Amino acid sequence: MSVLNAARTLAATEGVEVAEDLMLAQCTTYRIGGPADLVVTADTYAGLVRTVRVLTEQGVPWVVLGRGSNVLAADAGYRGCVIRLGREFSRISVDGCMLTSGAAVLLPKLVNESLSRELSGLESCAGIPGTVGGAVSMDAGSRHQWIGRVVRDVVTFKPGVGMRRHLGSEVEWGYRWCSIPADEIILEATFELTPSTKQAVAAEMNRRMARRRATQPIGKPCCGSVFKNPGDRSVGALLDSCGVKGMRVGGACVSERHANFVVNEGGATASDVVGLIDAMHDAVKGRYGVDLTPEVKFLGFEG
Ligand SMILES: Cc1cc2nc3c(=O)[nH]c(=O)nc-3n(C[C@H](O)[C@H](O)[C@H](O)COP(=O)(O)OP(=O)(O)OC[C@H]3O[C@@H](n4cnc5c(N)ncnc54)[C@H](O)[C@@H]3O)c2cc1C
């Protein structure tokens with residue numbers, strides 16, 4: 001594989017910006033992670049198609065990142081290319097109760113748009129710091145409401161094929177998972193919302209934000225929930241009962257506010273976080289015999 005060739009070719013390509021050896025700490029809300037060989041921001045669809053073609057020709061592995069708010073990046077970084085979506089994927093348009101959003105739009109912006117248009121359906125996304133692409137890919141939301149429920153359709157780029165449209169009703173939406181194939185890049189999603197009033201939408205969003213402020217370590221670098229709830233049980237309650245709050249490895253610490261949040265208290269490494277995640281897992285396994293599954297995605301740990 002030749003990262004160098006790919007970097008040279010892409011640097012001369014219209015519609016893409018290339019950064020070499022950018023620290024993944026700058027691309028994730030954990031503020032953790034070593035350098036990625038390449039980080040490419042594709043500002044146009046043509047730029048994205050060309051990026052993937054060049055990377056494939058040069059045998060360079062790639063991954064798409066949104067806001068990096070559900071990702072722990074390895075201390076050694078990522079041997080490959082991180083693709084991010086830029087300008088052309090950062091627009092919102094409105095048609096009656098339909099909001100169409102580029103994948104790079106930050107979820108809080110989309111949520112605010114729904115509020116100002118007096119449209120209900122995205123309240124469960126209030127306070128989630130990801131992008132629309134990341135949220136659709138993860139089927140983000142709360143325990144009982146998730147974004148997939150209001151997706152009318154999703155436009156993706158399938159490498160080697162081109163654009164594809166998935167009807168929301170044909171996509172399987174699961175717990176922090178959806179059936180859109182992992183090799184497809186989400187470009188845009190249309191959300192079918194319900195007419196409401198500003199007061200009603202704002203009240204529901206404020207209720208959810210107040211709950212977050214009361215129970216989560218707001219403002220601290222983290223990835224949100226570390227583990228998924230096992231079945232109907234609350235992972236936060238299981239972890240709390242094992243006394244993990246305040247447990248620390250290096251600069252990483254289990255939040256005193258929420259036992260399922262690991263925060264970077266400053267200078268935490270990915271191996272600190274992994275050490276803590278292992279200890280949390282083992283505490284629950286030892287006491288309850290339950291094998292917790294991480295919700296956080298790991299980048300650069302393979303191989
Ligand atoms: C403080 C805090 C609170 C949070 N609260 C919640 C919550 O209440 N509910 C919840 O569900 N999550 C929550 N999260 C987790 C996270 O914000 C969501 O999972 C979010 O949807 C991830 O979006 P992202 O853009 O950051 O994706 P990333 O973290 O960048 O990526 C996540 C996954 O999506 C894939 N992906 C990203 N963009 C695309 C794309 N365009 N096409 C295809 N795949 C893509 C990535 O490859 C990766 O596998 C929280 C995180 C934090 C830091």
# chains A, B, ... in the order shown; residues from 1 in each chain; ligands from 1

call {"tool": "select_by_dssp", "arguments": {"residues": "stretch 17-256 of chain A", "states": "helix (DSSP H, G or I)", "output": "PyMOL selection string"}}
result
chain A and resi 24-26+45-57+87-89+107-116+123-125+132-138+147-150+168-170+198-215+235-241

call {"tool": "write_last_selection", "arguments": {"atoms": "C-alpha atoms", "output": "CSV table (one decimal), in the first residue's frame"}}
result
chain,number,residue,atom,x,y,z
A,24,LEU,CA,-7.0,11.6,16.2
A,25,ALA,CA,-7.3,13.4,19.5
A,26,GLN,CA,-8.3,16.4,17.4
A,45,TYR,CA,-19.5,14.1,-3.8
A,46,ALA,CA,-17.1,14.0,-6.8
A,47,GLY,CA,-14.2,14.5,-4.3
A,48,LEU,CA,-15.5,11.7,-2.1
A,49,VAL,CA,-15.8,9.2,-5.0
A,50,ARG,CA,-12.3,10.1,-6.1
A,51,THR,CA,-11.0,9.7,-2.6
A,52,VAL,CA,-12.4,6.2,-2.2
A,53,ARG,CA,-11.2,5.2,-5.6
A,54,VAL,CA,-7.6,6.4,-5.0
A,55,LEU,CA,-7.5,4.8,-1.6
A,56,THR,CA,-8.7,1.5,-3.0
A,57,GLU,CA,-6.2,1.6,-5.9
A,87,ARG,CA,-19.3,21.4,2.8
A,88,GLU,CA,-21.6,19.8,0.4
A,89,PHE,CA,-22.8,17.5,3.2
A,107,LEU,CA,-27.2,16.8,15.3
A,108,PRO,CA,-27.7,19.8,17.6
A,109,LYS,CA,-28.2,22.0,14.5
A,110,LEU,CA,-30.8,19.6,13.1
A,111,VAL,CA,-32.5,19.4,16.4
A,112,ASN,CA,-32.7,23.2,16.6
A,113,GLU,CA,-34.1,23.3,13.1
A,114,SER,CA,-36.9,21.0,14.0
A,115,LEU,CA,-37.6,23.2,17.0
A,116,SER,CA,-37.8,26.4,15.0
A,123,GLU,CA,-36.4,15.4,20.7
A,124,SER,CA,-34.6,12.2,21.8
A,125,CYS,CA,-31.5,13.5,20.0
A,132,VAL,CA,-26.4,13.2,11.3
A,133,GLY,CA,-24.3,10.5,9.5
A,134,GLY,CA,-23.0,9.1,12.8
A,135,ALA,CA,-26.4,9.3,14.4
A,136,VAL,CA,-28.1,7.4,11.5
A,137,SER,CA,-25.3,4.8,11.4
A,138,MET,CA,-25.6,4.3,15.2
A,147,ILE,CA,-33.5,8.4,15.2
A,148,GLY,CA,-34.4,5.5,12.9
A,149,ARG,CA,-38.0,5.9,13.8
A,150,VAL,CA,-38.3,9.2,11.9
A,168,GLY,CA,-36.3,4.1,6.3
A,169,SER,CA,-39.0,1.5,6.4
A,170,GLU,CA,-36.8,-1.1,4.7
A,198,LYS,CA,-42.7,25.3,19.7
A,199,GLN,CA,-43.7,25.0,23.4
A,200,ALA,CA,-44.3,21.3,23.2
A,201,VAL,CA,-41.1,20.5,21.3
A,202,ALA,CA,-39.1,22.8,23.6
A,203,ALA,CA,-40.6,21.3,26.7
A,204,GLU,CA,-39.6,17.8,25.7
A,205,MET,CA,-36.1,18.9,24.7
A,206,ASN,CA,-35.6,20.8,27.9
A,207,ARG,CA,-36.8,17.8,29.9
A,208,ARG,CA,-34.2,15.6,28.3
A,209,MET,CA,-31.4,18.2,28.6
A,210,ALA,CA,-32.2,18.7,32.3
A,211,ARG,CA,-31.9,15.0,32.8
A,212,ARG,CA,-28.6,15.0,31.1
A,213,ARG,CA,-27.3,17.8,33.2
A,214,ALA,CA,-28.4,16.0,36.3
A,215,THR,CA,-26.9,12.6,35.5
A,235,VAL,CA,-25.9,-0.9,32.6
A,236,GLY,CA,-25.4,2.3,34.7
A,237,ALA,CA,-27.2,0.7,37.7
A,238,LEU,CA,-25.2,-2.5,37.3
A,239,LEU,CA,-21.9,-0.7,37.2
A,240,ASP,CA,-22.9,1.6,40.0
A,241,SER,CA,-23.7,-1.3,42.3

call {"tool": "closest_atom_pairs", "arguments": {"of": "stretch 15-97 of chain A", "to": "stretch 253-273 of chain A", "cutoff": "8 Å", "atoms": "only C-alpha atoms", "output": "Markdown table"}}
result
| residue | atom | partner | partner_atom | distance |
| --- | --- | --- | --- | --- |
| A:Tyr30 | CA | A:Asn264 | CA | 6.4 |
| A:Arg31 | CA | A:Asn264 | CA | 7.7 |
| A:Ile32 | CA | A:Thr269 | CA | 6.2 |
| A:Gly33 | CA | A:Ala270 | CA | 6.6 |
| A:Leu72 | CA | A:Ala270 | CA | 6.8 |
| A:Ala73 | CA | A:Ala270 | CA | 6.6 |
| A:Ala74 | CA | A:Ala270 | CA | 5.5 |
| A:Asp75 | CA | A:Ala270 | CA | 5.5 |

call {"tool": "atom_distance", "arguments": {"atom1": "atom 3 (C, counted along the ligand's line) of ligand 1", "atom2": "atom CA of A:Val244"}}
result
19.2 Å

call {"tool": "residues_near_ligand", "arguments": {"ligand": "ligand 1", "cutoff": "7 Å", "atoms": "only C-alpha atoms and all ligand atoms", "output": "ChimeraX atom specification"}}
result
/A:29,63-71,85,103-104,125,127-142,176,182,184-187,218,221-225,297

call {"tool": "write_last_selection", "arguments": {"atoms": "N, CA and C atoms", "output": "CSV table (one decimal), in the first residue's frame"}}
result
chain,number,residue,atom,x,y,z
A,29,THR,N,-14.3,13.3,20.5
A,29,THR,CA,-14.7,14.1,21.7
A,29,THR,C,-13.9,13.6,23.0
A,63,VAL,N,-11.8,4.6,6.9
A,63,VAL,CA,-12.9,4.6,7.8
A,63,VAL,C,-13.5,6.0,7.7
A,64,VAL,N,-14.9,6.0,7.9
A,64,VAL,CA,-15.5,7.4,7.9
A,64,VAL,C,-15.7,7.8,9.4
A,65,LEU,N,-15.4,9.0,9.6
A,65,LEU,CA,-15.7,9.6,11.0
A,65,LEU,C,-16.7,10.8,10.8
A,66,GLY,N,-17.6,10.9,11.8
A,66,GLY,CA,-18.4,12.1,11.9
A,66,GLY,C,-17.7,13.0,12.9
A,67,ARG,N,-18.3,13.2,14.0
A,67,ARG,CA,-17.8,14.1,15.1
A,67,ARG,C,-16.8,13.3,16.0
A,68,GLY,N,-16.7,12.0,15.8
A,68,GLY,CA,-15.9,11.2,16.6
A,68,GLY,C,-16.4,11.1,18.1
A,69,SER,N,-17.7,11.2,18.2
A,69,SER,CA,-18.2,11.3,19.6
A,69,SER,C,-18.6,9.9,20.2
A,70,ASN,N,-18.4,8.9,19.3
A,70,ASN,CA,-18.6,7.5,19.8
A,70,ASN,C,-17.4,6.6,19.6
A,71,VAL,N,-16.2,7.2,19.6
A,71,VAL,CA,-15.0,6.5,19.1
A,71,VAL,C,-13.9,6.7,20.1
A,85,LEU,N,-16.7,14.1,6.0
A,85,LEU,CA,-17.5,14.8,5.0
A,85,LEU,C,-17.5,16.3,5.3
A,103,ALA,N,-25.0,14.5,5.8
A,103,ALA,CA,-24.5,13.7,6.9
A,103,ALA,C,-23.6,14.4,7.8
A,104,ALA,N,-23.0,15.5,7.3
A,104,ALA,CA,-22.0,16.2,8.2
A,104,ALA,C,-22.6,17.2,9.1
A,125,CYS,N,-32.9,13.2,20.4
A,125,CYS,CA,-31.5,13.5,20.0
A,125,CYS,C,-31.0,14.8,20.6
A,127,GLY,N,-29.0,17.1,22.7
A,127,GLY,CA,-27.9,16.9,23.6
A,127,GLY,C,-26.9,15.8,23.1
A,128,ILE,N,-27.2,15.2,22.0
A,128,ILE,CA,-26.2,14.2,21.4
A,128,ILE,C,-25.3,14.9,20.5
A,129,PRO,N,-24.0,14.8,20.8
A,129,PRO,CA,-23.0,15.7,20.1
A,129,PRO,C,-22.5,15.2,18.7
A,130,GLY,N,-23.1,14.2,18.1
A,130,GLY,CA,-22.6,13.7,16.9
A,130,GLY,C,-23.1,14.4,15.6
A,131,THR,N,-22.8,13.8,14.5
A,131,THR,CA,-23.3,14.3,13.2
A,131,THR,C,-24.5,13.5,12.8
A,132,VAL,N,-25.2,13.9,11.8
A,132,VAL,CA,-26.4,13.2,11.3
A,132,VAL,C,-25.9,11.8,10.7
A,133,GLY,N,-24.8,11.8,10.0
A,133,GLY,CA,-24.3,10.5,9.5
A,133,GLY,C,-24.0,9.5,10.6
A,134,GLY,N,-23.3,10.0,11.6
A,134,GLY,CA,-23.0,9.1,12.8
A,134,GLY,C,-24.2,8.7,13.5
A,135,ALA,N,-25.2,9.6,13.6
A,135,ALA,CA,-26.4,9.3,14.4
A,135,ALA,C,-27.2,8.2,13.6
A,136,VAL,N,-27.3,8.4,12.3
A,136,VAL,CA,-28.1,7.4,11.5
A,136,VAL,C,-27.4,6.0,11.6
A,137,SER,N,-26.1,6.1,11.4
A,137,SER,CA,-25.3,4.8,11.4
A,137,SER,C,-25.4,4.1,12.7
A,138,MET,N,-25.5,4.8,13.8
A,138,MET,CA,-25.6,4.3,15.2
A,138,MET,C,-27.0,4.1,15.6
A,139,ASP,N,-28.0,4.6,14.9
A,139,ASP,CA,-29.4,4.7,15.3
A,139,ASP,C,-29.4,5.3,16.7
A,140,ALA,N,-28.8,6.5,16.8
A,140,ALA,CA,-28.7,7.2,18.1
A,140,ALA,C,-30.0,7.6,18.7
A,141,GLY,N,-30.0,7.8,20.0
A,141,GLY,CA,-31.3,8.2,20.6
A,141,GLY,C,-31.2,7.9,22.1
A,142,SER,N,-32.4,7.7,22.6
A,142,SER,CA,-32.5,7.4,24.0
A,142,SER,C,-32.9,5.9,24.1
A,176,ARG,N,-28.3,0.9,18.8
A,176,ARG,CA,-27.1,1.5,18.3
A,176,ARG,C,-26.5,0.8,17.1
A,182,ALA,N,-22.0,-1.7,6.2
A,182,ALA,CA,-20.9,-0.9,6.8
A,182,ALA,C,-19.9,-0.3,5.7
A,184,GLU,N,-20.9,1.3,3.2
A,184,GLU,CA,-21.6,2.4,2.5
A,184,GLU,C,-21.4,3.7,3.4
A,185,ILE,N,-21.2,4.8,2.7
A,185,ILE,CA,-21.0,6.1,3.4
A,185,ILE,C,-22.3,6.8,3.3
A,186,ILE,N,-22.8,7.2,4.5
A,186,ILE,CA,-24.1,7.9,4.5
A,186,ILE,C,-23.8,9.4,4.1
A,187,LEU,N,-24.6,9.8,3.1
A,187,LEU,CA,-24.4,11.2,2.6
A,187,LEU,C,-25.5,12.1,3.1
A,218,ILE,N,-21.4,16.7,32.1
A,218,ILE,CA,-21.5,17.6,30.9
A,218,ILE,C,-20.1,18.4,30.8
A,221,PRO,N,-14.4,15.6,28.4
A,221,PRO,CA,-14.2,14.8,27.2
A,221,PRO,C,-14.6,13.4,27.5
A,222,CYS,N,-15.5,12.8,26.7
A,222,CYS,CA,-15.9,11.4,26.8
A,222,CYS,C,-16.5,11.0,25.5
A,223,CYS,N,-17.1,9.8,25.6
A,223,CYS,CA,-17.8,9.2,24.3
A,223,CYS,C,-19.2,8.9,24.7
A,224,GLY,N,-19.8,9.5,25.7
A,224,GLY,CA,-21.1,9.1,26.1
A,224,GLY,C,-21.1,7.7,26.8
A,225,SER,N,-22.1,6.9,26.6
A,225,SER,CA,-22.1,5.6,27.2
A,225,SER,C,-21.0,4.7,26.7
A,297,LYS,N,-17.0,2.6,19.8
A,297,LYS,CA,-16.3,2.0,18.7
A,297,LYS,C,-14.8,2.2,18.9

call {"tool": "select_by_dssp", "arguments": {"residues": "stretch 35-273 of chain A", "states": "strand (DSSP E)", "output": "ChimeraX atom specification"}}
result
/A:35-42,62-64,71-73,78-85,92-95,98-102,119-120,151-158,162-167,173-174,177-178,185-192,194-195,248-249,252-254,262-264

call {"tool": "residues_around", "arguments": {"residues": "A:Arg79", "least_positions_apart": "5", "cutoff": "8 Å", "atoms": "only C-alpha atoms", "output": "list in words"}}
result
Ala36, Asp37, Pro61 and Gly300 of chain A

call {"tool": "residues_around", "arguments": {"residues": "stretch 287-291 of chain A", "least_positions_apart": "2", "cutoff": "10 Å", "atoms": "only C-alpha atoms", "output": "list of chain:residue names"}}
result
A:Pro230, A:Leu238, A:Leu239, A:Ser241, A:Cys242, A:His281, A:Asp282, A:Ala283, A:Val284, A:Lys285, A:Thr293, A:Pro294

call {"tool": "closest_residue", "arguments": {"among": "A:Asp43, A:Asp21, A:Glu192, A:Glu14", "to": "A:Tyr78", "atoms": "only C-alpha atoms"}}
result
A:Asp21

call {"tool": "atom_distance", "arguments": {"atom1": "atom CA of A:Gly121", "atom2": "atom CA of A:Val154"}}
result
16.5 Å

call {"tool": "closest_residue", "arguments": {"among": "A:Glu172, A:Pro35, A:Leu193, A:Val151", "to": "A:Asp95", "atoms": "only C-alpha atoms"}}
result
A:Leu193

call {"tool": "closest_residue", "arguments": {"among": "A:Val249, A:Ala7, A:Leu299, A:Ala76", "to": "A:Asp278", "atoms": "only C-alpha atoms"}}
result
A:Val249
